[in-house]
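Visitor: So here's input-v7.cif, just mmCIF, C-alpha atoms:
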data_target
#
loop_
_atom_site.label_atom_id
_atom_site.label_comp_id
_atom_site.auth_asym_id
_atom_site.auth_seq_id
_atom_site.Cartn_x
_atom_site.Cartn_y
_atom_site.Cartn_z
CA MET A 1 24.61 29.00 83.79
CA ALA A 2 25.49 25.37 83.06
CA ILE A 3 22.97 22.65 83.94
CA THR A 4 24.53 19.73 85.81
CA ALA A 5 23.12 16.31 86.51
CA ASN A 6 22.80 17.08 90.23
CA SER A 7 21.01 20.37 89.71
CA PRO A 8 17.19 20.58 89.88
CA GLU A 9 17.01 21.37 86.18
CA GLY A 10 19.17 18.34 85.37
CA GLU A 11 17.04 16.03 87.47
CA ARG A 12 13.85 17.26 85.78
CA SER A 13 15.47 16.78 82.37
CA ALA A 14 16.53 13.21 83.23
CA LEU A 15 13.05 12.44 84.59
CA SER A 16 11.43 13.84 81.45
CA ALA A 17 13.73 11.75 79.26
CA ALA A 18 12.88 8.64 81.27
CA LEU A 19 9.13 9.28 80.97
CA TYR A 20 9.40 9.55 77.21
CA ASP A 21 11.58 6.45 76.86
CA PRO A 22 9.44 3.77 75.09
CA LYS A 23 11.08 0.91 76.96
CA ILE A 24 10.52 2.46 80.39
CA ARG A 25 6.93 3.37 79.54
CA GLY A 26 6.31 -0.14 78.25
CA VAL A 27 7.58 -1.70 81.47
CA PHE A 28 5.56 0.76 83.54
CA TYR A 29 2.27 0.09 81.75
CA GLN A 30 2.83 -3.68 81.89
CA ALA A 31 3.51 -3.49 85.62
CA VAL A 32 0.35 -1.44 86.18
CA THR A 33 -1.68 -3.92 84.11
CA ILE A 34 -0.34 -6.89 86.09
CA ILE A 35 -1.12 -5.16 89.38
CA ILE A 36 -4.69 -4.38 88.26
CA LEU A 37 -5.27 -7.95 87.07
CA ALA A 38 -3.82 -9.39 90.28
CA ALA A 39 -6.05 -7.11 92.35
CA PHE A 40 -9.10 -8.10 90.29
CA CYS A 41 -8.34 -11.83 90.69
CA TRP A 42 -7.76 -11.35 94.42
CA PHE A 43 -11.13 -9.58 94.70
CA ILE A 44 -12.90 -12.40 92.83
CA VAL A 45 -11.26 -15.11 94.96
CA THR A 46 -11.86 -13.42 98.30
CA ASN A 47 -15.44 -12.49 97.39
CA THR A 48 -16.16 -16.08 96.32
CA MET A 49 -14.69 -17.50 99.52
CA ASP A 50 -16.68 -15.05 101.63
CA ASN A 51 -19.89 -16.05 99.85
CA LEU A 52 -19.12 -19.74 100.38
CA ARG A 53 -18.52 -19.18 104.08
CA ALA A 54 -21.76 -17.21 104.32
CA LEU A 55 -23.58 -20.18 102.78
CA ASN A 56 -21.72 -22.54 105.15
CA ARG A 57 -20.07 -24.33 102.23
CA SER A 58 -16.48 -25.47 101.92
CA PHE A 59 -14.23 -25.34 98.89
CA GLY A 60 -12.38 -28.41 97.67
CA PHE A 61 -12.24 -31.20 95.13
CA ASP A 62 -12.66 -34.13 97.52
CA PHE A 63 -16.11 -34.81 96.00
CA LEU A 64 -14.35 -36.14 92.88
CA GLN A 65 -13.52 -39.33 94.79
CA GLY A 66 -17.15 -39.94 95.68
CA ARG A 67 -19.42 -42.45 93.97
CA ALA A 68 -20.96 -41.14 90.76
CA GLY A 69 -24.25 -42.99 91.09
CA PHE A 70 -25.42 -42.48 87.50
CA ASN A 71 -24.96 -44.27 84.18
CA LEU A 72 -23.74 -42.82 80.91
CA GLY A 73 -24.99 -43.69 77.45
CA GLN A 74 -21.54 -43.68 75.83
CA ALA A 75 -18.23 -44.47 77.51
CA LEU A 76 -14.91 -45.11 75.80
CA ILE A 77 -13.44 -46.60 79.01
CA PRO A 78 -14.95 -49.03 81.53
CA TYR A 79 -17.54 -47.17 83.60
CA SER A 80 -20.50 -47.94 85.83
CA SER A 81 -22.63 -46.12 88.37
CA ASP A 82 -20.23 -47.35 91.08
CA SER A 83 -17.32 -45.47 89.49
CA THR A 84 -16.03 -42.24 90.99
CA ASN A 85 -16.90 -38.75 89.84
CA THR A 86 -13.35 -38.48 88.50
CA ASN A 87 -13.97 -41.42 86.18
CA ALA A 88 -17.26 -39.88 85.10
CA LEU A 89 -15.55 -36.61 84.20
CA LEU A 90 -12.85 -38.55 82.37
CA VAL A 91 -15.54 -40.31 80.32
CA GLY A 92 -17.06 -36.93 79.50
CA LEU A 93 -13.67 -35.53 78.55
CA LEU A 94 -12.96 -38.47 76.22
CA ASN A 95 -16.37 -38.04 74.60
CA THR A 96 -15.61 -34.34 74.08
CA LEU A 97 -12.24 -35.18 72.53
CA LEU A 98 -13.85 -37.80 70.29
CA ILE A 99 -16.57 -35.51 68.91
CA SER A 100 -14.06 -32.66 68.50
CA PHE A 101 -11.47 -34.77 66.67
CA VAL A 102 -13.92 -36.50 64.32
CA GLY A 103 -15.84 -33.26 63.80
CA ILE A 104 -12.70 -31.32 62.84
CA ILE A 105 -11.73 -33.95 60.27
CA ALA A 106 -15.24 -34.10 58.77
CA ALA A 107 -15.64 -30.31 58.75
CA THR A 108 -12.26 -29.85 57.06
CA ILE A 109 -13.05 -32.35 54.29
CA VAL A 110 -16.53 -30.97 53.63
CA GLY A 111 -15.33 -27.37 53.91
CA PHE A 112 -12.57 -27.87 51.34
CA ILE A 113 -14.96 -29.58 48.93
CA ILE A 114 -17.58 -26.83 49.25
CA GLY A 115 -14.97 -24.06 49.10
CA ILE A 116 -13.50 -25.41 45.88
CA GLY A 117 -17.02 -26.03 44.58
CA ARG A 118 -17.86 -22.34 45.04
CA LEU A 119 -15.10 -21.53 42.55
CA SER A 120 -16.21 -24.17 40.07
CA HIS A 121 -16.92 -23.11 36.47
CA ASN A 122 -19.98 -25.38 36.59
CA TRP A 123 -22.92 -23.07 37.34
CA LEU A 124 -24.96 -25.71 39.19
CA ILE A 125 -22.10 -26.81 41.46
CA ALA A 126 -21.17 -23.22 42.27
CA LYS A 127 -24.75 -22.25 43.13
CA LEU A 128 -25.37 -25.37 45.23
CA SER A 129 -22.17 -24.69 47.16
CA GLN A 130 -23.22 -21.07 47.68
CA ALA A 131 -26.65 -22.14 48.89
CA TYR A 132 -25.07 -24.58 51.36
CA VAL A 133 -22.85 -21.85 52.80
CA GLU A 134 -25.62 -19.27 53.07
CA ILE A 135 -28.04 -21.70 54.73
CA PHE A 136 -25.74 -23.10 57.40
CA ARG A 137 -24.00 -19.81 58.18
CA ASN A 138 -27.31 -18.15 58.98
CA ILE A 139 -28.71 -20.85 61.28
CA PRO A 140 -27.66 -21.10 64.96
CA PRO A 141 -25.66 -24.29 65.66
CA LEU A 142 -28.08 -25.34 68.40
CA LEU A 143 -30.93 -25.29 65.89
CA VAL A 144 -28.86 -27.41 63.50
CA ILE A 145 -28.30 -29.93 66.29
CA PHE A 146 -32.03 -30.10 67.02
CA PHE A 147 -32.76 -30.51 63.31
CA TRP A 148 -30.55 -33.59 62.96
CA TYR A 149 -31.58 -35.11 66.28
CA SER A 150 -35.31 -34.43 66.38
CA GLY A 151 -36.01 -33.97 62.70
CA VAL A 152 -33.93 -36.71 61.06
CA LEU A 153 -32.46 -39.39 63.31
CA VAL A 154 -35.55 -39.84 65.49
CA LEU A 155 -37.58 -40.59 62.35
CA LEU A 156 -35.36 -43.54 61.41
CA PRO A 157 -36.88 -47.04 61.71
CA GLN A 158 -36.69 -49.04 64.92
CA ALA A 159 -33.88 -51.49 65.57
CA ARG A 160 -35.81 -54.52 64.33
CA ASP A 161 -36.43 -52.72 61.01
CA ALA A 162 -32.95 -51.17 60.81
CA VAL A 163 -31.57 -50.12 57.43
CA HIS A 164 -28.95 -52.63 56.32
CA LEU A 165 -25.86 -50.78 55.11
CA PRO A 166 -22.68 -52.15 53.46
CA PHE A 167 -19.99 -53.85 55.58
CA SER A 168 -22.59 -55.45 57.88
CA SER A 169 -23.69 -52.11 59.34
CA TYR A 170 -27.18 -51.11 60.46
CA LEU A 171 -28.78 -47.68 60.87
CA SER A 172 -31.80 -47.17 63.12
CA ASN A 173 -33.20 -44.70 65.61
CA ARG A 174 -30.83 -46.21 68.16
CA GLY A 175 -27.78 -45.17 66.18
CA LEU A 176 -25.30 -46.70 63.78
CA ALA A 177 -24.17 -50.28 64.48
CA PHE A 178 -21.01 -51.54 62.77
CA PRO A 179 -18.52 -54.39 63.26
CA SER A 180 -16.09 -53.93 66.13
CA PRO A 181 -12.51 -55.19 65.73
CA ILE A 182 -11.10 -57.84 68.06
CA PHE A 183 -7.30 -57.66 68.20
CA GLY A 184 -5.28 -60.83 68.65
CA ALA A 185 -2.00 -61.40 70.45
CA GLY A 186 0.27 -60.35 67.58
CA MET A 187 -1.56 -57.17 66.61
CA TRP A 188 1.00 -55.05 68.43
CA ALA A 189 3.57 -56.01 65.79
CA VAL A 190 1.27 -54.68 63.05
CA GLY A 191 0.99 -51.38 64.92
CA ILE A 192 4.76 -51.12 65.19
CA ALA A 193 5.07 -51.91 61.48
CA PHE A 194 2.63 -49.11 60.69
CA LEU A 195 4.69 -46.64 62.75
CA VAL A 196 7.85 -47.80 60.97
CA ALA A 197 6.06 -47.33 57.63
CA ILE A 198 5.15 -43.75 58.58
CA ALA A 199 8.78 -43.02 59.46
CA ALA A 200 9.93 -44.58 56.17
CA VAL A 201 7.49 -42.41 54.19
CA PHE A 202 8.82 -39.34 55.98
CA PHE A 203 12.42 -40.16 55.08
CA VAL A 204 11.50 -40.97 51.47
CA ALA A 205 9.71 -37.63 51.11
CA ARG A 206 12.66 -35.81 52.64
CA TRP A 207 15.11 -37.59 50.33
CA ALA A 208 12.95 -36.78 47.29
CA HIS A 209 12.82 -33.10 48.29
CA LYS A 210 16.61 -32.89 48.68
CA ARG A 211 17.12 -34.72 45.39
CA GLN A 212 14.84 -32.32 43.54
CA ALA A 213 16.56 -29.30 45.12
CA ALA A 214 19.98 -30.61 44.10
CA THR A 215 19.30 -32.03 40.62
CA GLY A 216 15.92 -30.60 39.61
CA GLN A 217 14.57 -34.12 38.98
CA GLN A 218 11.22 -34.98 40.51
CA PHE A 219 10.51 -38.23 42.31
CA HIS A 220 6.79 -38.90 42.72
CA THR A 221 6.43 -40.28 46.22
CA ILE A 222 2.67 -40.80 46.28
CA TRP A 223 2.59 -44.40 45.04
CA VAL A 224 5.75 -45.32 46.93
CA SER A 225 4.25 -43.91 50.13
CA ILE A 226 0.99 -45.79 49.62
CA GLY A 227 2.91 -49.00 48.93
CA ILE A 228 4.97 -48.61 52.10
CA LEU A 229 2.01 -47.65 54.31
CA ILE A 230 -0.07 -50.59 53.11
CA GLY A 231 2.55 -53.16 52.16
CA LEU A 232 4.71 -53.27 55.31
CA PRO A 233 1.81 -53.60 57.82
CA LEU A 234 0.11 -56.10 55.49
CA VAL A 235 3.20 -58.32 55.34
CA VAL A 236 3.55 -58.26 59.13
CA PHE A 237 -0.19 -58.93 59.46
CA LEU A 238 0.09 -62.04 57.29
CA VAL A 239 3.27 -63.25 58.99
CA THR A 240 1.73 -62.98 62.47
CA GLY A 241 -1.23 -65.11 61.39
CA MET A 242 -3.78 -62.36 60.78
CA PRO A 243 -4.47 -61.55 64.46
CA LEU A 244 -7.65 -59.60 63.74
CA SER A 245 -11.31 -60.61 63.77
CA PHE A 246 -14.61 -58.75 63.93
CA ASP A 247 -17.69 -58.89 66.11
CA TYR A 248 -20.57 -58.28 63.69
CA PRO A 249 -23.87 -56.75 64.76
CA ILE A 250 -26.85 -59.05 64.39
CA ALA A 251 -30.39 -57.76 63.87
CA GLY A 252 -32.70 -59.44 66.35
CA LYS A 253 -36.45 -59.29 66.77
CA PHE A 254 -36.39 -56.27 69.07
CA ASN A 255 -32.79 -55.04 69.15
CA LEU A 256 -29.30 -55.27 67.64
CA THR A 257 -26.72 -57.40 69.40
CA GLY A 258 -22.96 -57.42 68.96
CA GLY A 259 -20.69 -54.95 67.23
CA THR A 260 -20.27 -51.33 68.20
CA VAL A 261 -23.22 -48.96 68.37
CA THR A 262 -22.77 -45.22 67.90
CA SER A 263 -25.54 -43.36 69.68
CA PRO A 264 -27.94 -41.10 67.77
CA GLU A 265 -26.82 -38.23 70.02
CA PHE A 266 -23.26 -38.60 68.78
CA LEU A 267 -24.38 -38.81 65.14
CA ALA A 268 -26.60 -35.73 65.46
CA LEU A 269 -23.87 -33.72 67.15
CA LEU A 270 -21.25 -34.83 64.63
CA LEU A 271 -23.42 -33.97 61.62
CA ALA A 272 -24.49 -30.64 63.07
CA LEU A 273 -21.06 -29.40 64.18
CA SER A 274 -19.17 -30.63 61.11
CA LEU A 275 -21.67 -29.29 58.56
CA TYR A 276 -22.10 -26.00 60.40
CA THR A 277 -18.36 -25.39 60.77
CA ALA A 278 -17.73 -26.56 57.19
CA SER A 279 -19.73 -23.59 55.89
CA TYR A 280 -17.24 -21.20 57.50
CA ILE A 281 -14.25 -23.27 56.41
CA ALA A 282 -15.57 -23.19 52.85
CA GLU A 283 -15.45 -19.39 52.84
CA ILE A 284 -11.93 -19.47 54.28
CA VAL A 285 -10.82 -21.86 51.54
CA ARG A 286 -12.47 -19.73 48.85
CA ALA A 287 -10.80 -16.57 50.18
CA GLY A 288 -7.42 -18.34 50.38
CA ILE A 289 -7.60 -19.53 46.79
CA ARG A 290 -8.73 -16.07 45.66
CA GLY A 291 -5.77 -14.62 47.52
CA VAL A 292 -3.29 -16.39 45.25
CA PRO A 293 -2.32 -14.05 42.37
CA LYS A 294 -3.97 -15.01 39.10
CA GLY A 295 -0.62 -14.82 37.36
CA GLN A 296 0.46 -17.98 39.22
CA SER A 297 -2.19 -20.14 37.52
CA GLU A 298 -1.61 -18.40 34.18
CA ALA A 299 2.13 -19.07 34.38
CA ALA A 300 1.50 -22.72 35.31
CA GLY A 301 -0.92 -23.04 32.40
CA ALA A 302 1.65 -21.55 30.07
CA LEU A 303 4.04 -24.33 31.11
CA GLY A 304 1.49 -26.91 29.94
CA LEU A 305 0.12 -28.04 33.30
CA ARG A 306 -3.47 -29.24 33.42
CA ALA A 307 -6.07 -27.61 35.66
CA SER A 308 -5.93 -30.41 38.25
CA ALA A 309 -2.14 -30.22 38.44
CA ILE A 310 -2.26 -26.42 38.72
CA ASN A 311 -4.64 -26.62 41.69
CA ARG A 312 -2.68 -29.40 43.39
CA LEU A 313 0.86 -28.13 42.81
CA VAL A 314 0.53 -24.35 42.53
CA ILE A 315 -2.70 -22.90 43.91
CA ILE A 316 -3.49 -25.04 46.99
CA PRO A 317 0.08 -24.98 48.49
CA GLN A 318 0.13 -21.18 48.31
CA ALA A 319 -3.46 -20.82 49.50
CA MET A 320 -2.74 -22.95 52.57
CA ARG A 321 -0.54 -20.17 53.96
CA ILE A 322 -3.59 -17.91 53.90
CA ILE A 323 -6.08 -20.57 55.02
CA ILE A 324 -4.37 -21.99 58.12
CA PRO A 325 -4.53 -18.97 60.53
CA PRO A 326 -8.32 -18.39 60.26
CA LEU A 327 -8.84 -22.17 60.10
CA THR A 328 -7.50 -22.37 63.65
CA SER A 329 -10.33 -20.15 64.88
CA GLN A 330 -12.93 -22.46 63.35
CA TYR A 331 -11.36 -25.50 64.98
CA LEU A 332 -11.51 -23.72 68.34
CA ASN A 333 -15.14 -22.77 67.72
CA LEU A 334 -16.04 -26.39 66.95
CA ILE A 335 -14.40 -27.59 70.17
CA LYS A 336 -16.27 -25.01 72.23
CA ASN A 337 -19.56 -25.59 70.40
CA SER A 338 -19.36 -29.25 71.39
CA SER A 339 -20.60 -28.11 74.82
CA LEU A 340 -24.04 -27.71 73.18
CA ALA A 341 -24.24 -31.51 73.39
CA ILE A 342 -26.00 -31.10 76.71
CA ALA A 343 -29.13 -30.05 74.77
CA ILE A 344 -29.61 -33.57 73.34
CA GLY A 345 -28.17 -35.61 76.19
CA TYR A 346 -24.76 -36.49 74.75
CA ALA A 347 -22.42 -37.30 77.64
CA ASP A 348 -19.69 -34.71 77.07
CA VAL A 349 -17.71 -33.10 79.86
CA VAL A 350 -20.28 -30.31 80.33
CA ALA A 351 -23.24 -32.70 80.58
CA VAL A 352 -21.41 -35.02 82.98
CA GLY A 353 -20.19 -32.09 85.06
CA GLY A 354 -23.74 -30.75 85.23
CA VAL A 355 -25.01 -34.01 86.70
CA ILE A 356 -22.20 -34.02 89.29
CA LEU A 357 -22.96 -30.37 90.09
CA ASN A 358 -26.63 -31.15 90.76
CA GLN A 359 -25.71 -34.05 93.04
CA SER A 360 -22.87 -32.41 94.99
CA GLY A 361 -23.75 -28.72 94.81
CA ARG A 362 -20.11 -27.86 94.05
CA ALA A 363 -20.84 -25.24 91.42
CA VAL A 364 -17.61 -23.26 91.79
CA GLU A 365 -15.38 -26.34 91.55
CA ILE A 366 -17.24 -27.74 88.53
CA VAL A 367 -17.05 -24.41 86.68
CA ILE A 368 -13.32 -24.24 87.39
CA ILE A 369 -12.89 -27.75 85.96
CA TRP A 370 -14.87 -26.80 82.85
CA MET A 371 -12.82 -23.66 82.33
CA ALA A 372 -9.52 -25.48 82.83
CA ILE A 373 -10.45 -28.27 80.39
CA TYR A 374 -11.54 -25.96 77.57
CA LEU A 375 -8.58 -23.65 78.19
CA ILE A 376 -6.15 -26.56 77.89
CA LEU A 377 -7.88 -27.91 74.77
CA SER A 378 -7.85 -24.48 73.12
CA ILE A 379 -4.20 -23.81 73.94
CA ALA A 380 -3.15 -27.27 72.72
CA THR A 381 -5.06 -26.79 69.45
CA SER A 382 -3.57 -23.33 68.94
CA LEU A 383 -0.03 -24.57 69.60
CA PHE A 384 -0.42 -27.40 67.10
CA MET A 385 -1.89 -25.15 64.42
CA ASN A 386 0.83 -22.54 65.01
CA TRP A 387 3.44 -25.25 64.54
CA PHE A 388 1.73 -26.46 61.37
CA ASN A 389 1.48 -22.89 60.08
CA ALA A 390 5.20 -22.40 60.68
CA LYS A 391 5.95 -25.60 58.74
CA MET A 392 3.87 -24.36 55.80
CA ALA A 393 5.34 -20.86 55.79
CA LEU A 394 7.80 -19.77 53.12
CA VAL A 395 11.44 -20.13 54.15
CA GLU A 396 13.46 -17.06 53.25
CA ARG A 397 16.90 -17.68 51.85
#
For this file, write the structure as structure tokens.
Guide:
Amino acid sequence: MAITANSPEGERSALSAALYDPKIRGVFYQAVTIIILAAFCWFIVTNTMDNLRALNRSFGFDFLQGRAGFNLGQALIPYSSDSTNTNALLVGLLNTLLISFVGIIAATIVGFIIGIGRLSHNWLIAKLSQAYVEIFRNIPPLLVIFFWYSGVLVLLPQARDAVHLPFSSYLSNRGLAFPSPIFGAGMWAVGIAFLVAIAAVFFVARWAHKRQAATGQQFHTIWVSIGILIGLPLVVFLVTGMPLSFDYPIAGKFNLTGGTVTSPEFLALLLALSLYTASYIAEIVRAGIRGVPKGQSEAAGALGLRASAINRLVIIPQAMRIIIPPLTSQYLNLIKNSSLAIAIGYADVVAVGGVILNQSGRAVEIVIIWMAIYLILSIATSLFMNWFNAKMALVER
């Protein structure tokens, strides 16, 4: 008896084939997952709203337009106690971005130095680098923050006895004071010249790469790039009448006046986060360099290249393709660990939001703002690092 598509046996066969189709099963499981997540979110939202109504509380972000009523120790934009809560959160966000950006740069530099030092043939350098990694990797970051803040910076001399550093800078228990620039009317032209210089360096590097690919002849762009980056803005700076001056800090009898003062909270947080994260970056760098086949360095040595040239031209470019993906995770960890600043009173977005929460009682709204800010920062960092990783990846012919 023949089985037709309209017969019961044919329908069961078609249903069985559809159930075992990977595409159909994939769509089915994704749909079920979306439904479960939507139901879970709906439960959370409705349960939260019911609890707020039971407590006779409303939900909304109108409190952000209210008066803040508190001062902040560090603000990158004009701020006072009469500013709104929105401005206060913006100050906290800028402080978070500042500590994250500077911390990532410092951690990357220190991490690369320590990572390369761990592979040094010098026994002392290798052991010191290993000790650094083992110490910082096994100490909680909060404890490192307390160490720098309560164990080092607080013990510095008072402002009137501040340590005089080069470039008219002073270091005391009130922070680091250094000259602040005062930009004149024509400084915008210098900024434009610097942007033009960056574009020129990019085109020179691209031309040198195409020339080497076509003729095999190298064109060393390092000195040309430095000359363009420094020379063009310098010429414009001189032509516009040097529109730049400095406000120098002056040590008084009881305090420092003038200049820019970086708070001890910022210094402690920067040192703690950068040195702590650098210990993990050092291991990533060491693993990346170890991941490059040994034959690469041997072949480069056979061509007569020196050890420094081998590391710069052969080992590091290949190791970067291994280093960048895990490096992204450490950058994200540093950004999230910056929320520990609340422990020493640094005015980041978590500390500022906590003060607003205590004054307004809007816990749900503040937590949502915190989550949204860190989610956006993490996604933006991941997107940038993914783009950079794609630029560093090998291009198949």
Visitor: Within 12 Å of (-24.5, -27.4, 77.5) in the file's own coordinates, which protein, DNA or RNA residues have an atom, counting all atoms listed in the file? List them as a PyMOL selection string.
Guide: chain A and resi 96+142+336-355+370
Visitor: When distances are computed from all atoms listed in the file, which of A:Gly92, A:Gly111, A:Pro243, A:Gly227 shows the smallest separation from Trp188 (chain A)?
Guide: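 Answer, going by the shortest atom-to-atom distance: A:Pro243.
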Visitor: Could you expand the PyMOL selection byres ((chain A and resi 196) around 12) into the explicit residues it covers here, written as a list in words?
Guide: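 The output of the PyMOL selection byres ((chain A and resi 196) around 12) on this file is Ala189, Val190, Gly191, Ile192, Ala193, Phe194, Leu195, Ala197, Ile198, Ala199, Ala200, Val201, Phe202, Phe203, Ile228, Leu229, Ile230, Gly231, Leu232, Pro233 and Val236 of chain A.
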Visitor: What's around Gly175 (chain A) at 6 Å? Count only C-alpha atoms, leave out sequence neighbours fewer than 2 positions away in its own chain, and write the answer as number ranges by chain.
Guide: A: 171-173, 262-264
Visitor: Write a file of the selected residues as a short mmCIF file (atom, residue, chain, number, x, y, z; two decimals), in the coordinates of the input, keeping C-alpha atoms.
Guide:
data_model
loop_
_atom_site.label_atom_id
_atom_site.label_comp_id
_atom_site.auth_asym_id
_atom_site.auth_seq_id
_atom_site.Cartn_x
_atom_site.Cartn_y
_atom_site.Cartn_z
CA LEU A 171 -28.78 -47.68 60.87
CA SER A 172 -31.80 -47.17 63.12
CA ASN A 173 -33.20 -44.70 65.61
CA THR A 262 -22.77 -45.22 67.90
CA SER A 263 -25.54 -43.36 69.68
CA PRO A 264 -27.94 -41.10 67.77
#
Visitor: Using the chain letters and residue numbers of this document, give as a list in words the residues selected by the PyMOL selection byres ((chain A and resi 378) around 12).
Guide: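 Taken on the displayed file, the PyMOL selection byres ((chain A and resi 378) around 12) yields the residues Leu97, Ser100, Thr328, Ser329, Gln330, Tyr331, Leu332, Asn333, Leu334, Ile335, Lys336, Met371, Ala372, Ile373, Tyr374, Leu375, Ile376, Leu377, Ile379, Ala380, Thr381, Ser382, Leu383, Phe384 and Met385 of chain A.
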Visitor: Considering all atoms listed in the file, return as a ChimeraX atom specification whatever protein or nucleic-acid residues lie within 12 Å of Leu64 (chain A), sequence-local ones (same chain, fewer than 2 positions apart) excluded.
Guide: /A:60-62,66-68,83-90,353,356-357,359-360,362,365-366,369
Visitor: What does the structure give for the distance between CA of Leu143 (chain A) and CA of Ala131 (chain A), in Å to one decimal?
Guide: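 One can read the CA of Leu143 (chain A) to CA of Ala131 (chain A) distance as 17.8 Å.
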Visitor: Find the residues around Ser168 (chain A) up to 8 Å (all atoms listed in the file counted), leave out those fewer than 5 positions away in its own chain, and share them as a list in words.
Guide: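 Using all atoms listed in the file, the neighbours found are Phe178, Pro179, Tyr248 and Pro249 of chain A.
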Visitor: The PyMOL selection byres ((chain A and resi 77) around 10) on the file shown: which residues, as an MDAnalysis selection string?
Guide: chainID A and resid 74:76 78:80 87:88 90:91 94
Visitor: Work out how far CA of Phe237 (chain A) is from CA of Arg206 (chain A), in Å to one decimal.
Guide: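 That distance, rounded to one decimal, is 27.3 Å.
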Visitor: Please determine, counting all atoms listed in the file, which residue among A:Ala363, A:Val154, A:Ala300, A:Ala287 has the shortest atom-to-atom distance to Arg57 (chain A).
Guide: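 Looking only at the distances to Arg57 (chain A), the closest residue turns out to be A:Ala363.
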Visitor: Adding 5 Å on each side of the box along x, y and z that holds all listed atoms of region 280-285 of chain A, could you give its centre and edge lengths in Å to one decimal, as JSON?
Guide:
{"center_x": -14.0, "center_y": -21.3, "center_z": 54.5, "size_x": 16.4, "size_y": 13.9, "size_z": 16.0}
Visitor: When you look at Met242 (chain A) with a cut-off of 10 Å (counting only C-alpha atoms), what residues show up, excluding the ones that are within fewer than 3 positions of it in the same chain? I need them as a ChimeraX atom specification.
Guide: /A:183-187,190,234-239,245
Visitor: Would you compute the distance between CA of Thr221 (chain A) and CA of Ala282 (chain A)? Give it in Å to one decimal.
Guide: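 Interatomic distance, CA of Thr221 (chain A) to CA of Ala282 (chain A): 28.6 Å.
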